[in-house]
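K.L.:
Handing you this structure, nothing more for now.
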Protein chains: 2
Amino acid sequence: MLEKDVSTLMGYRKGIRVVDATLRDGGLCNNHRFTDEFVKALYLTNIKAGVDYMEVGYKGSKELFSRDKYGTWKFSDDEDIRAVIGDNEGTGLKLAVMADVGRCDYKEDIHPKAESPVDMIRVATYVNTIPAALDMIKDAKDKGYEVSCNIMAISAAQEVDIKVALDMLGESPVDVIYIVDSFGSLYPEQIARIADIYLNVAEKYDKKIGMHAHNNQQLAFANTIEAVGDGVDFLDATYDGMGRGAGNCSMENLLGLLRNPKYNLYPAIKFVEEYTRPLKKEGVHWGYDLQYLMTGILNQHPRTAIAFTKEGRTDYTDYYTEITSQD
Amino acid sequence: MLEKDVSTLMGYRKGIRVVDATLRDGGLCNNHRFTDEFVKALYLTNIKAGVDYMEVGYKGSKELFSRDKYGTWKFSDDEDIRAVIGDNEGTGLKLAVMADVGRCDYKEDIHPKAESPVDMIRVATYVNTIPAALDMIKDAKDKGYEVSCNIMAISAAQEVDIKVALDMLGESPVDVIYIVDSFGSLYPEQIARIADIYLNVAEKYDKKIGMHAHNNQQLAFANTIEAVGDGVDFLDATYDGMGRGAGNCSMENLLGLLRNPKYNLYPAIKFVEEYTRPLKKEGVHWGYDLQYLMTGILNQHPRTAIAFTKEGRTDYTDYYTEITSQD
């Protein structure tokens with residue numbers, strides 16, 4: 001465990017990597033329908049801000065998801081990335097895509113790294129689908145990618161199962177294993193305890209650990225601070241906190257914390273001003289509110305809170321009664 | 001130091017006191033012009049929610065502040081408290097008022113406890129006005145009150161000066177000494193370090209320590225969690241986080257955390273739905289936004305950010321350039 005003291009706020013750890021998940025997690029707010037201008041501006045912002053990875057979206061199955069309903073970044077085809085972003089050569093920024101277990105035709109849709117502008121495949125799984133995730137990790141690794149694995153919804157899983165999953169991942173070729181607080185229900189003290197478990201596995205198997213937080217309890221940034229203080233290196237953030245439901249750790253918060261001079265706050269402020277705030281004005285919803293706090297406290301998936309938001313409801317007490325109903 | 005582990009999230013410490021500062025810090029958003037209905041509903045909500053103290057407002061000097069410009073709760077006269085709230089007898093809720101050094105005619109305006117419905121005087125001071133604060137503390141104590149002291153803006157003070165101030169307060173009859181993050185600039189790791197300093201004084205002189213957080217960096221709740229885990233007992237919160245600028249730790253967040261069954265979340269949700277959200281709709285401003293993040297990161301008073309908000313500005317990049325100007 002690293003010392004967690006004010007002194008660490010002056011220095012920095014060179015191994016820290018900032019991952020922009022705006023198009024992927026934020027895309028859940030608008031079915032990944034971003035304009036090319038937005039995507040290009042985000043890409044240039046990430047380069048200026050010193051961000052290390054940009055997750056451009058999902059590798060969604062075209063069998064399961066229709067092109068009519070979803071935008072380009074639900075699928076993140078190599079040619080679409082190239083059309084908007086280019087080949088991304090000579091920048092310090094790496095590109096990532098997320099591949100969900102059971103919702104991705106990874107054998108066909110993920111091409112060899114040599115043919116793709118993508119650098120990292122992020123495999124997302126629940127604890128009970130780890131064997132399928134391992135297949136995907138091997139496939140991506142064999143194709144030449146960096147690979148991370150996000151174990152989702154751990155706040156609703158048994159600790160013993162998580163430990164088994166971590167050992168299985170430890171023995172796989174995965175590079176980074178993510179702590180994911182899908183329901184935004186975890187407190188910093190719990191993050192510290194979970195990080196300790198993950199970091200022990202990381203040390204044993206020579207892996208890196210990442211943190212992906214949600215802001216249901218206004219703790220996404222705080223939990224990310226906790227994680228980085230504990231020794232977690234890969235930090236997910238999104239501009240303006242744009243992400244499913246209450247959203248994520250905001251990039252502005254995170255860049256304001258990190259002391260490595262490679263990171264710059266100003267481009268992040270500019271992007272929020274010029275791109276995410278206009279999206280909010282257009283009616284795309286995300287961000288902390290009472291309904292997300294409630295599902296966070298109750299350790300529930302925020303889907304009912306998202307529906308509450310979409311319906312424009314403000315009867316928070318009725319909603320609380322609904323979601324605490326024992327019927 | 002208490003153990004800070006997930007295990008403490010199941011038990012609770014009986015010494016914890018929740019202080020509702022909505023009328024006082026929230027009053028800074030509307031010049032303390034609350035309707036009697038709002039105040040009465042807040043009072044009843046606090047009783048139902050199990051809140052321990054309700055701060056009804058300031059004891060502002062009538063020489064310095066005009067009744068035309070400010071509402072009732074800038075002055076918090078005993079007769080006004082009685083007119084709206086009553087004598088507050090037989091409830092578990094105590095009433096508090098804030099008395100600012102240099103902005104309060106405390107000798108005249110604070111009457112003996114036997115004649116007042118107020119239970120606690122909260123003296124607010126900067127480090128350099130501690131001698132004046134000590135006079136006010138003695139006056140309030142002699143009149144029969146519980147007394148707390150808030151040392152404001154400590155993030156801009158020297159640690160050696162804070163330590164001298166703490167020793168002076170330790171030797172005074174004050175009951176509670178507050179950690180106050182006036183600029184919302186402190187990270188949890190800094191709160192831990194500051195809490196350690198304050199708690200050493202508390203132990204030496206048999207005092208209690210309190211936490212008053214601001215949400216500039218979306219850390220008001222996280223810093224309050226950090227403080228309570230460190231052994232801080234008095235926790236300030238406001239409904240909907242209503243307070244100056246980015247606001248405070250929200251009562252809903254805090255009540256969702258605390259495990260003592262005396263605390264109830266539902267009345268807090270109801271109050272937000274019925275009272276604070278309508279205030280926001282009427283145009284009263286508070287809550288996290290980029291301009292407050294910037295002053296928090298820069299450890300500046302948020303007054304320029306509050307002005308930016310009032311003017312309806314959204315040119316965040318221009319604002320950032322202004323407040324980082326070296327001219």
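By order in the structure tokens, chains are A, B, ...; within a chain, residues start at 1; ligands start at 1, following the order shown.
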Can you pull out the residues contacting Leu166 (chain A)? Cut-off 12 Å, using only C-alpha atoms, and skip same-chain residues under 2 positions away; I want them as a count of residues only.
P.N.:
40
K.L.:
Could you build a table of the residues in chain A lying no more than 9 Å from chain B, giving for each the nearest pair of atoms and their separation in Å rounded to one decimal place, using only C-alpha atoms, ordered by chain and ascending residue number, as CSV?
P.N.:
residue,atom,partner,partner_atom,distance
A:Lys4,CA,B:Glu189,CA,6.4
A:Asp5,CA,B:Glu189,CA,5.4
A:Val6,CA,B:Gln190,CA,5.3
A:Leu9,CA,B:Glu189,CA,8.7
A:Tyr187,CA,B:Val6,CA,8.3
A:Pro188,CA,B:Ala222,CA,7.7
A:Glu189,CA,B:Asp5,CA,5.5
A:Gln190,CA,B:Val6,CA,5.3
A:Ile191,CA,B:Val6,CA,9.0
A:Ala192,CA,B:Asp5,CA,8.1
A:Arg193,CA,B:Asp5,CA,7.3
A:Gln217,CA,B:Asn253,CA,6.5
A:Gln218,CA,B:Gln218,CA,6.5
A:Leu219,CA,B:Ala222,CA,6.4
A:Ala220,CA,B:Gln218,CA,8.8
A:Phe221,CA,B:Gln218,CA,7.2
A:Ala222,CA,B:Ala222,CA,6.0
A:Asn223,CA,B:Ala222,CA,8.5
A:Ile225,CA,B:Pro188,CA,8.3
A:Glu226,CA,B:Pro188,CA,8.4
A:Gly229,CA,B:Glu189,CA,8.9
A:Asp240,CA,B:Leu290,CA,8.7
A:Glu252,CA,B:Leu290,CA,8.1
A:Asn253,CA,B:Gln217,CA,6.5
A:Gly256,CA,B:Ile297,CA,6.4
A:Leu257,CA,B:Ile297,CA,8.0
A:Tyr266,CA,B:Thr317,CA,7.2
A:Pro267,CA,B:Thr317,CA,8.7
A:Ile269,CA,B:Thr317,CA,6.3
A:Lys270,CA,B:Thr317,CA,5.8
A:Val272,CA,B:Tyr316,CA,8.6
A:Glu273,CA,B:Tyr316,CA,6.3
A:Leu290,CA,B:Ile269,CA,7.6
A:Leu293,CA,B:Asn253,CA,7.4
A:Met294,CA,B:Gly256,CA,8.4
A:Ile297,CA,B:Gly256,CA,6.4
A:Thr314,CA,B:Glu273,CA,7.1
A:Asp315,CA,B:Glu273,CA,6.9
A:Tyr316,CA,B:Glu273,CA,6.3
A:Thr317,CA,B:Lys270,CA,5.8
A:Tyr320,CA,B:Tyr266,CA,7.9
K.L.:
Would you put the residues from that selection into a file with N, CA and C atoms, as a compact mmCIF listing (two decimals), in the first residue's frame?
P.N.:
# COMPACT_ATOMS: atom_id res chain seq x y z
N LYS A 4 -0.92 7.19 1.83
CA LYS A 4 -1.99 8.09 1.39
C LYS A 4 -1.94 9.32 2.26
N ASP A 5 -1.22 10.31 1.81
CA ASP A 5 -1.06 11.51 2.62
C ASP A 5 -1.07 12.69 1.68
N VAL A 6 -1.17 13.85 2.26
CA VAL A 6 -1.17 15.06 1.45
C VAL A 6 0.10 15.15 0.61
N LEU A 9 -0.02 14.36 -2.95
CA LEU A 9 -0.70 15.29 -3.84
C LEU A 9 0.29 16.25 -4.51
N TYR A 187 -18.71 2.92 -0.99
CA TYR A 187 -18.07 4.02 -0.27
C TYR A 187 -16.55 3.88 -0.39
N PRO A 188 -15.83 4.99 -0.20
CA PRO A 188 -14.37 4.93 -0.32
C PRO A 188 -13.73 3.84 0.54
N GLU A 189 -14.27 3.63 1.75
CA GLU A 189 -13.67 2.61 2.61
C GLU A 189 -13.82 1.21 2.00
N GLN A 190 -14.90 1.01 1.27
CA GLN A 190 -15.08 -0.28 0.58
C GLN A 190 -14.15 -0.38 -0.62
N ILE A 191 -13.97 0.73 -1.32
CA ILE A 191 -13.03 0.74 -2.45
C ILE A 191 -11.63 0.37 -1.94
N ALA A 192 -11.25 0.92 -0.79
CA ALA A 192 -9.92 0.62 -0.24
C ALA A 192 -9.78 -0.89 -0.01
N ARG A 193 -10.83 -1.49 0.52
CA ARG A 193 -10.79 -2.91 0.84
C ARG A 193 -10.76 -3.76 -0.43
N GLN A 217 -23.85 8.34 -5.63
CA GLN A 217 -23.80 8.93 -4.29
C GLN A 217 -22.86 10.12 -4.25
N GLN A 218 -22.58 10.72 -5.41
CA GLN A 218 -21.62 11.82 -5.51
C GLN A 218 -20.25 11.36 -5.00
N LEU A 219 -19.89 10.13 -5.29
CA LEU A 219 -18.62 9.59 -4.81
C LEU A 219 -17.73 9.08 -5.94
N ALA A 220 -18.09 9.32 -7.20
CA ALA A 220 -17.29 8.78 -8.30
C ALA A 220 -15.85 9.31 -8.24
N PHE A 221 -15.71 10.62 -8.04
CA PHE A 221 -14.37 11.21 -7.96
C PHE A 221 -13.67 10.74 -6.69
N ALA A 222 -14.38 10.78 -5.57
CA ALA A 222 -13.79 10.38 -4.29
C ALA A 222 -13.32 8.93 -4.34
N ASN A 223 -14.11 8.05 -4.94
CA ASN A 223 -13.71 6.65 -5.03
C ASN A 223 -12.51 6.47 -5.95
N ILE A 225 -10.16 8.83 -6.33
CA ILE A 225 -9.05 9.31 -5.50
C ILE A 225 -8.59 8.21 -4.55
N GLU A 226 -9.57 7.56 -3.92
CA GLU A 226 -9.23 6.48 -3.00
C GLU A 226 -8.43 5.41 -3.73
N GLY A 229 -4.86 6.42 -4.67
CA GLY A 229 -4.05 6.44 -3.46
C GLY A 229 -3.67 5.05 -3.00
N ASP A 240 -17.40 16.08 -18.24
CA ASP A 240 -18.65 16.51 -17.60
C ASP A 240 -19.29 15.34 -16.84
N GLU A 252 -12.69 16.62 -15.58
CA GLU A 252 -12.22 17.90 -15.03
C GLU A 252 -11.77 17.71 -13.58
N ASN A 253 -12.56 16.97 -12.82
CA ASN A 253 -12.17 16.66 -11.44
C ASN A 253 -10.84 15.93 -11.42
N GLY A 256 -7.78 17.90 -12.48
CA GLY A 256 -7.46 18.88 -11.44
C GLY A 256 -6.70 18.28 -10.28
N LEU A 257 -6.80 16.98 -10.12
CA LEU A 257 -6.11 16.27 -9.02
C LEU A 257 -4.70 15.85 -9.39
N TYR A 266 -7.19 22.78 -18.91
CA TYR A 266 -7.87 23.76 -19.76
C TYR A 266 -8.63 23.14 -20.95
N PRO A 267 -8.01 22.23 -21.70
CA PRO A 267 -8.76 21.64 -22.83
C PRO A 267 -10.03 20.91 -22.38
N ILE A 269 -11.98 21.80 -19.78
CA ILE A 269 -12.99 22.83 -19.54
C ILE A 269 -13.59 23.30 -20.86
N LYS A 270 -12.71 23.47 -21.83
CA LYS A 270 -13.14 23.95 -23.15
C LYS A 270 -14.10 22.94 -23.81
N VAL A 272 -16.04 20.73 -22.33
CA VAL A 272 -17.31 20.75 -21.61
C VAL A 272 -18.15 21.95 -22.06
N GLU A 273 -17.50 23.11 -22.11
CA GLU A 273 -18.21 24.32 -22.52
C GLU A 273 -18.79 24.19 -23.93
N LEU A 290 -31.44 12.64 -7.00
CA LEU A 290 -31.95 11.81 -5.89
C LEU A 290 -32.27 10.37 -6.29
N LEU A 293 -29.17 8.43 -6.29
CA LEU A 293 -28.72 8.24 -4.91
C LEU A 293 -29.44 7.05 -4.28
N MET A 294 -30.76 6.99 -4.51
CA MET A 294 -31.56 5.92 -3.89
C MET A 294 -31.15 4.54 -4.39
N ILE A 297 -27.76 3.75 -2.82
CA ILE A 297 -27.86 3.34 -1.41
C ILE A 297 -28.41 1.92 -1.32
N THR A 314 -40.74 13.76 -10.97
CA THR A 314 -40.06 14.41 -9.85
C THR A 314 -40.68 13.97 -8.52
N ASP A 315 -41.50 12.93 -8.57
CA ASP A 315 -42.14 12.42 -7.34
C ASP A 315 -41.18 11.42 -6.67
N TYR A 316 -40.15 11.99 -6.11
CA TYR A 316 -39.06 11.17 -5.54
C TYR A 316 -39.56 10.25 -4.43
N THR A 317 -40.50 10.73 -3.64
CA THR A 317 -40.98 9.91 -2.51
C THR A 317 -41.77 8.69 -3.04
N TYR A 320 -39.27 6.26 -4.28
CA TYR A 320 -38.59 5.57 -3.17
C TYR A 320 -39.47 4.44 -2.63
K.L.:
How many Å separate CA of Met251 (chain A) from CA of Asp206 (chain A)?
P.N.:
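We find that CA of Met251 (chain A) and CA of Asp206 (chain A) lie 27.6 Å from each other.
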K.L.:
Tell me which protein, DNA and RNA residues are within 8 Å of Arg122 (chain B), counting only C-alpha atoms, leaving out same-chain ones fewer than 6 positions away, and put them as a list of chain:residue names.
P.N.:
B:Ala96, B:Val97, B:Met98, B:Ala99, B:Val147, B:Ser148, B:Cys149, B:Asn150
K.L.:
The selected residues should be written to file as a PDB file, in the first residue's frame (atoms: N, CA, C and O atoms).
P.N.:
ATOM      1  N   ALA B  96     -29.623  25.889  16.828  1.00  0.00           N
ATOM      2  CA  ALA B  96     -28.336  26.587  16.845  1.00  0.00           C
ATOM      3  C   ALA B  96     -28.434  27.857  16.015  1.00  0.00           C
ATOM      4  O   ALA B  96     -29.283  27.959  15.118  1.00  0.00           O
ATOM      5  N   VAL B  97     -27.579  28.826  16.330  1.00  0.00           N
ATOM      6  CA  VAL B  97     -27.435  30.022  15.493  1.00  0.00           C
ATOM      7  C   VAL B  97     -25.949  30.272  15.288  1.00  0.00           C
ATOM      8  O   VAL B  97     -25.127  29.857  16.097  1.00  0.00           O
ATOM      9  N   MET B  98     -25.632  30.945  14.180  1.00  0.00           N
ATOM     10  CA  MET B  98     -24.230  31.273  13.924  1.00  0.00           C
ATOM     11  C   MET B  98     -23.968  32.747  14.222  1.00  0.00           C
ATOM     12  O   MET B  98     -24.731  33.619  13.804  1.00  0.00           O
ATOM     13  N   ALA B  99     -22.879  32.997  14.931  1.00  0.00           N
ATOM     14  CA  ALA B  99     -22.473  34.367  15.259  1.00  0.00           C
ATOM     15  C   ALA B  99     -21.082  34.592  14.676  1.00  0.00           C
ATOM     16  O   ALA B  99     -20.118  33.954  15.082  1.00  0.00           O
ATOM     17  N   VAL B 147     -21.475  25.735  22.962  1.00  0.00           N
ATOM     18  CA  VAL B 147     -20.777  26.637  22.039  1.00  0.00           C
ATOM     19  C   VAL B 147     -19.840  25.848  21.120  1.00  0.00           C
ATOM     20  O   VAL B 147     -19.096  24.976  21.583  1.00  0.00           O
ATOM     21  N   SER B 148     -19.940  26.166  19.836  1.00  0.00           N
ATOM     22  CA  SER B 148     -18.961  25.604  18.897  1.00  0.00           C
ATOM     23  C   SER B 148     -18.185  26.751  18.274  1.00  0.00           C
ATOM     24  O   SER B 148     -18.623  27.905  18.305  1.00  0.00           O
ATOM     25  N   CYS B 149     -17.051  26.424  17.692  1.00  0.00           N
ATOM     26  CA  CYS B 149     -16.267  27.440  16.989  1.00  0.00           C
ATOM     27  C   CYS B 149     -15.828  26.903  15.634  1.00  0.00           C
ATOM     28  O   CYS B 149     -15.233  25.832  15.533  1.00  0.00           O
ATOM     29  N   ASN B 150     -16.182  27.626  14.577  1.00  0.00           N
ATOM     30  CA  ASN B 150     -15.792  27.278  13.211  1.00  0.00           C
ATOM     31  C   ASN B 150     -14.598  28.125  12.787  1.00  0.00           C
ATOM     32  O   ASN B 150     -14.741  29.346  12.651  1.00  0.00           O
TER      33      ASN B 150
END
K.L.:
Looking at only C-alpha atoms, which of A:Leu279, A:Ala165, A:Ala305, A:Ala124 is the one that sits closest to Phe38 (chain A)?
P.N.:
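For Phe38 (chain A), the nearest of the candidates is A:Leu279.
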K.L.:
Residues at most 12 Å from Leu44 (chain A), counting only C-alpha atoms, excluding those fewer than 2 positions away in the same chain, as a compact mmCIF listing (two decimals) with all heavy atoms, in the first residue's frame?
P.N.:
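Saved file part.txt follows:
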# COMPACT_ATOMS: atom_id res chain seq x y z
N GLU A 37 -18.26 15.67 -35.62
CA GLU A 37 -17.57 16.85 -35.08
C GLU A 37 -17.28 16.66 -33.59
O GLU A 37 -16.18 16.98 -33.11
CB GLU A 37 -18.44 18.10 -35.29
CG GLU A 37 -17.71 19.38 -34.88
CD GLU A 37 -18.68 20.52 -34.58
OE1 GLU A 37 -19.84 20.47 -35.02
OE2 GLU A 37 -18.24 21.46 -33.88
N PHE A 38 -18.26 16.13 -32.87
CA PHE A 38 -18.09 15.87 -31.43
C PHE A 38 -16.94 14.89 -31.22
O PHE A 38 -16.05 15.12 -30.39
CB PHE A 38 -19.41 15.30 -30.88
CG PHE A 38 -19.42 15.07 -29.38
CD1 PHE A 38 -20.08 15.96 -28.54
CD2 PHE A 38 -18.82 13.95 -28.82
CE1 PHE A 38 -20.11 15.75 -27.16
CE2 PHE A 38 -18.84 13.74 -27.45
CZ PHE A 38 -19.49 14.64 -26.61
N VAL A 39 -16.94 13.82 -31.99
CA VAL A 39 -15.94 12.76 -31.80
C VAL A 39 -14.54 13.28 -32.13
O VAL A 39 -13.58 13.04 -31.40
CB VAL A 39 -16.29 11.54 -32.67
CG1 VAL A 39 -15.19 10.48 -32.58
CG2 VAL A 39 -17.63 10.96 -32.24
N LYS A 40 -14.45 14.04 -33.21
CA LYS A 40 -13.15 14.58 -33.61
C LYS A 40 -12.63 15.58 -32.57
O LYS A 40 -11.44 15.56 -32.20
CB LYS A 40 -13.30 15.27 -34.98
CG LYS A 40 -11.99 15.80 -35.56
CD LYS A 40 -11.10 14.66 -36.03
CE LYS A 40 -9.72 15.15 -36.43
NZ LYS A 40 -9.32 14.79 -37.77
N ALA A 41 -13.54 16.43 -32.07
CA ALA A 41 -13.15 17.41 -31.05
C ALA A 41 -12.72 16.71 -29.76
O ALA A 41 -11.76 17.12 -29.10
CB ALA A 41 -14.30 18.37 -30.77
N LEU A 42 -13.43 15.64 -29.43
CA LEU A 42 -13.08 14.88 -28.22
C LEU A 42 -11.69 14.28 -28.37
O LEU A 42 -10.86 14.32 -27.44
CB LEU A 42 -14.12 13.78 -27.99
CG LEU A 42 -13.89 12.85 -26.80
CD1 LEU A 42 -13.90 13.63 -25.48
CD2 LEU A 42 -14.97 11.76 -26.77
N ASN A 46 -8.54 15.12 -26.02
CA ASN A 46 -7.79 14.12 -25.26
C ASN A 46 -6.28 14.24 -25.48
O ASN A 46 -5.50 14.11 -24.55
CB ASN A 46 -8.27 12.71 -25.63
CG ASN A 46 -9.54 12.33 -24.90
OD1 ASN A 46 -9.74 12.72 -23.75
ND2 ASN A 46 -10.40 11.58 -25.56
N ILE A 47 -5.92 14.50 -26.73
CA ILE A 47 -4.49 14.66 -27.02
C ILE A 47 -3.93 15.87 -26.27
O ILE A 47 -2.91 15.79 -25.60
CB ILE A 47 -4.26 14.78 -28.55
CG1 ILE A 47 -4.58 13.43 -29.22
CG2 ILE A 47 -2.83 15.22 -28.86
CD1 ILE A 47 -4.59 13.48 -30.74
N LYS A 48 -4.67 16.99 -26.34
CA LYS A 48 -4.20 18.21 -25.66
C LYS A 48 -4.18 18.06 -24.15
O LYS A 48 -3.34 18.65 -23.47
CB LYS A 48 -5.10 19.40 -26.04
CG LYS A 48 -4.84 19.93 -27.43
CD LYS A 48 -5.70 21.17 -27.67
CE LYS A 48 -5.78 21.47 -29.16
NZ LYS A 48 -7.03 22.17 -29.52
N ALA A 49 -5.15 17.33 -23.63
CA ALA A 49 -5.26 17.18 -22.17
C ALA A 49 -4.27 16.17 -21.62
O ALA A 49 -4.11 16.06 -20.40
CB ALA A 49 -6.69 16.79 -21.79
N GLY A 50 -3.61 15.43 -22.51
CA GLY A 50 -2.64 14.44 -22.06
C GLY A 50 -3.26 13.11 -21.64
O GLY A 50 -2.59 12.28 -21.00
N VAL A 51 -4.52 12.92 -22.00
CA VAL A 51 -5.22 11.66 -21.68
C VAL A 51 -4.50 10.50 -22.36
O VAL A 51 -3.96 10.64 -23.46
CB VAL A 51 -6.70 11.77 -22.12
CG1 VAL A 51 -7.39 10.41 -22.12
CG2 VAL A 51 -7.43 12.75 -21.20
N MET A 54 -8.42 6.62 -25.11
CA MET A 54 -9.76 7.09 -25.45
C MET A 54 -10.58 5.88 -25.89
O MET A 54 -10.25 5.22 -26.88
CB MET A 54 -9.70 8.11 -26.59
CG MET A 54 -11.05 8.51 -27.15
SD MET A 54 -10.84 9.85 -28.38
CE MET A 54 -12.50 9.91 -29.10
N VAL A 84 -13.28 9.18 -39.01
CA VAL A 84 -13.45 10.37 -38.17
C VAL A 84 -12.14 10.79 -37.50
O VAL A 84 -11.80 11.97 -37.44
CB VAL A 84 -14.53 10.13 -37.10
CG1 VAL A 84 -14.70 11.35 -36.22
CG2 VAL A 84 -15.86 9.76 -37.76
N ILE A 85 -11.43 9.82 -37.00
CA ILE A 85 -10.24 10.11 -36.20
C ILE A 85 -8.95 10.00 -37.02
O ILE A 85 -7.96 10.65 -36.72
CB ILE A 85 -10.18 9.14 -34.98
CG1 ILE A 85 -11.26 9.53 -33.97
CG2 ILE A 85 -8.81 9.11 -34.34
CD1 ILE A 85 -11.40 8.59 -32.80
N GLY A 86 -8.98 9.17 -38.02
CA GLY A 86 -7.76 8.90 -38.79
C GLY A 86 -7.05 7.68 -38.24
O GLY A 86 -7.64 6.89 -37.50
N ASN A 88 -4.56 7.72 -36.16
CA ASN A 88 -4.05 7.98 -34.81
C ASN A 88 -2.59 7.57 -34.67
O ASN A 88 -2.19 6.93 -33.71
CB ASN A 88 -4.90 7.23 -33.76
CG ASN A 88 -4.45 7.56 -32.34
OD1 ASN A 88 -4.14 8.71 -32.04
ND2 ASN A 88 -4.40 6.56 -31.48
N THR A 91 0.57 9.98 -31.98
CA THR A 91 0.05 10.69 -30.82
C THR A 91 0.40 9.87 -29.58
O THR A 91 0.70 8.69 -29.66
CB THR A 91 -1.48 10.83 -30.88
OG1 THR A 91 -2.08 9.56 -30.64
CG2 THR A 91 -1.93 11.36 -32.23
N GLY A 92 0.30 10.48 -28.40
CA GLY A 92 0.50 9.73 -27.16
C GLY A 92 -0.77 9.05 -26.71
O GLY A 92 -0.79 8.37 -25.68
N LEU A 93 -1.84 9.23 -27.48
CA LEU A 93 -3.15 8.70 -27.10
C LEU A 93 -3.41 7.34 -27.73
O LEU A 93 -3.23 7.17 -28.93
CB LEU A 93 -4.24 9.69 -27.57
CG LEU A 93 -5.69 9.34 -27.30
CD1 LEU A 93 -5.99 9.38 -25.79
CD2 LEU A 93 -6.61 10.30 -28.05
N PRO A 267 -8.01 22.23 -21.70
CA PRO A 267 -8.76 21.64 -22.83
C PRO A 267 -10.03 20.91 -22.38
O PRO A 267 -11.02 20.87 -23.12
CB PRO A 267 -7.76 20.64 -23.44
CG PRO A 267 -6.42 21.06 -22.95
CD PRO A 267 -6.64 21.70 -21.62
N ALA A 268 -10.00 20.37 -21.16
CA ALA A 268 -11.19 19.67 -20.65
C ALA A 268 -12.32 20.66 -20.39
O ALA A 268 -13.48 20.41 -20.74
CB ALA A 268 -10.82 18.92 -19.37
N LYS A 270 -12.71 23.47 -21.83
CA LYS A 270 -13.14 23.95 -23.15
C LYS A 270 -14.10 22.94 -23.81
O LYS A 270 -15.13 23.33 -24.39
CB LYS A 270 -11.90 24.17 -24.02
CG LYS A 270 -12.14 24.92 -25.32
CD LYS A 270 -10.78 25.27 -25.94
CE LYS A 270 -10.89 25.62 -27.41
NZ LYS A 270 -11.55 26.93 -27.63
N PHE A 271 -13.78 21.66 -23.68
CA PHE A 271 -14.65 20.66 -24.30
C PHE A 271 -16.02 20.62 -23.63
O PHE A 271 -17.05 20.52 -24.31
CB PHE A 271 -13.99 19.27 -24.25
CG PHE A 271 -14.78 18.24 -25.02
CD1 PHE A 271 -14.69 18.16 -26.39
CD2 PHE A 271 -15.65 17.38 -24.36
CE1 PHE A 271 -15.44 17.23 -27.12
CE2 PHE A 271 -16.40 16.46 -25.07
CZ PHE A 271 -16.29 16.38 -26.45
K.L.:
Find, counting only C-alpha atoms, the residue in B:Ser182, B:Thr22, B:Lys262, B:Tyr12 that gets nearest to Tyr275 (chain B).
P.N.:
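When distances to Tyr275 (chain B) are compared using only C-alpha atoms, the smallest one comes from B:Thr22.
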K.L.:
With only C-alpha atoms as the counted atoms, please give the residues lying no more than 12 Å from Glu108 (chain B), apart from itself and same-chain residues fewer than 4 positions off, as a ChimeraX atom specification.
P.N.:
/B:59-62,77,104,112,136,139-140,143
K.L.:
Provide the CA of Ser116 (chain A) to CA of Asp87 (chain A) distance in Å, to one decimal place.
P.N.:
8.4 Å
K.L.:
Select from region 214-306 of chain B everything DSSP, run on the backbone, classes as strand (DSSP E), then give the selection as an NGL selection string.
P.N.:
:B and (234-237)
K.L.:
Could you check which of B:Lys208, B:Arg24, B:Arg33, B:His111 is closest to Val284 (chain B), using only C-alpha atoms?
P.N.:
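Between B:Lys208, B:Arg24, B:Arg33, B:His111, the residue approaching Val284 (chain B) most closely is B:Arg33.
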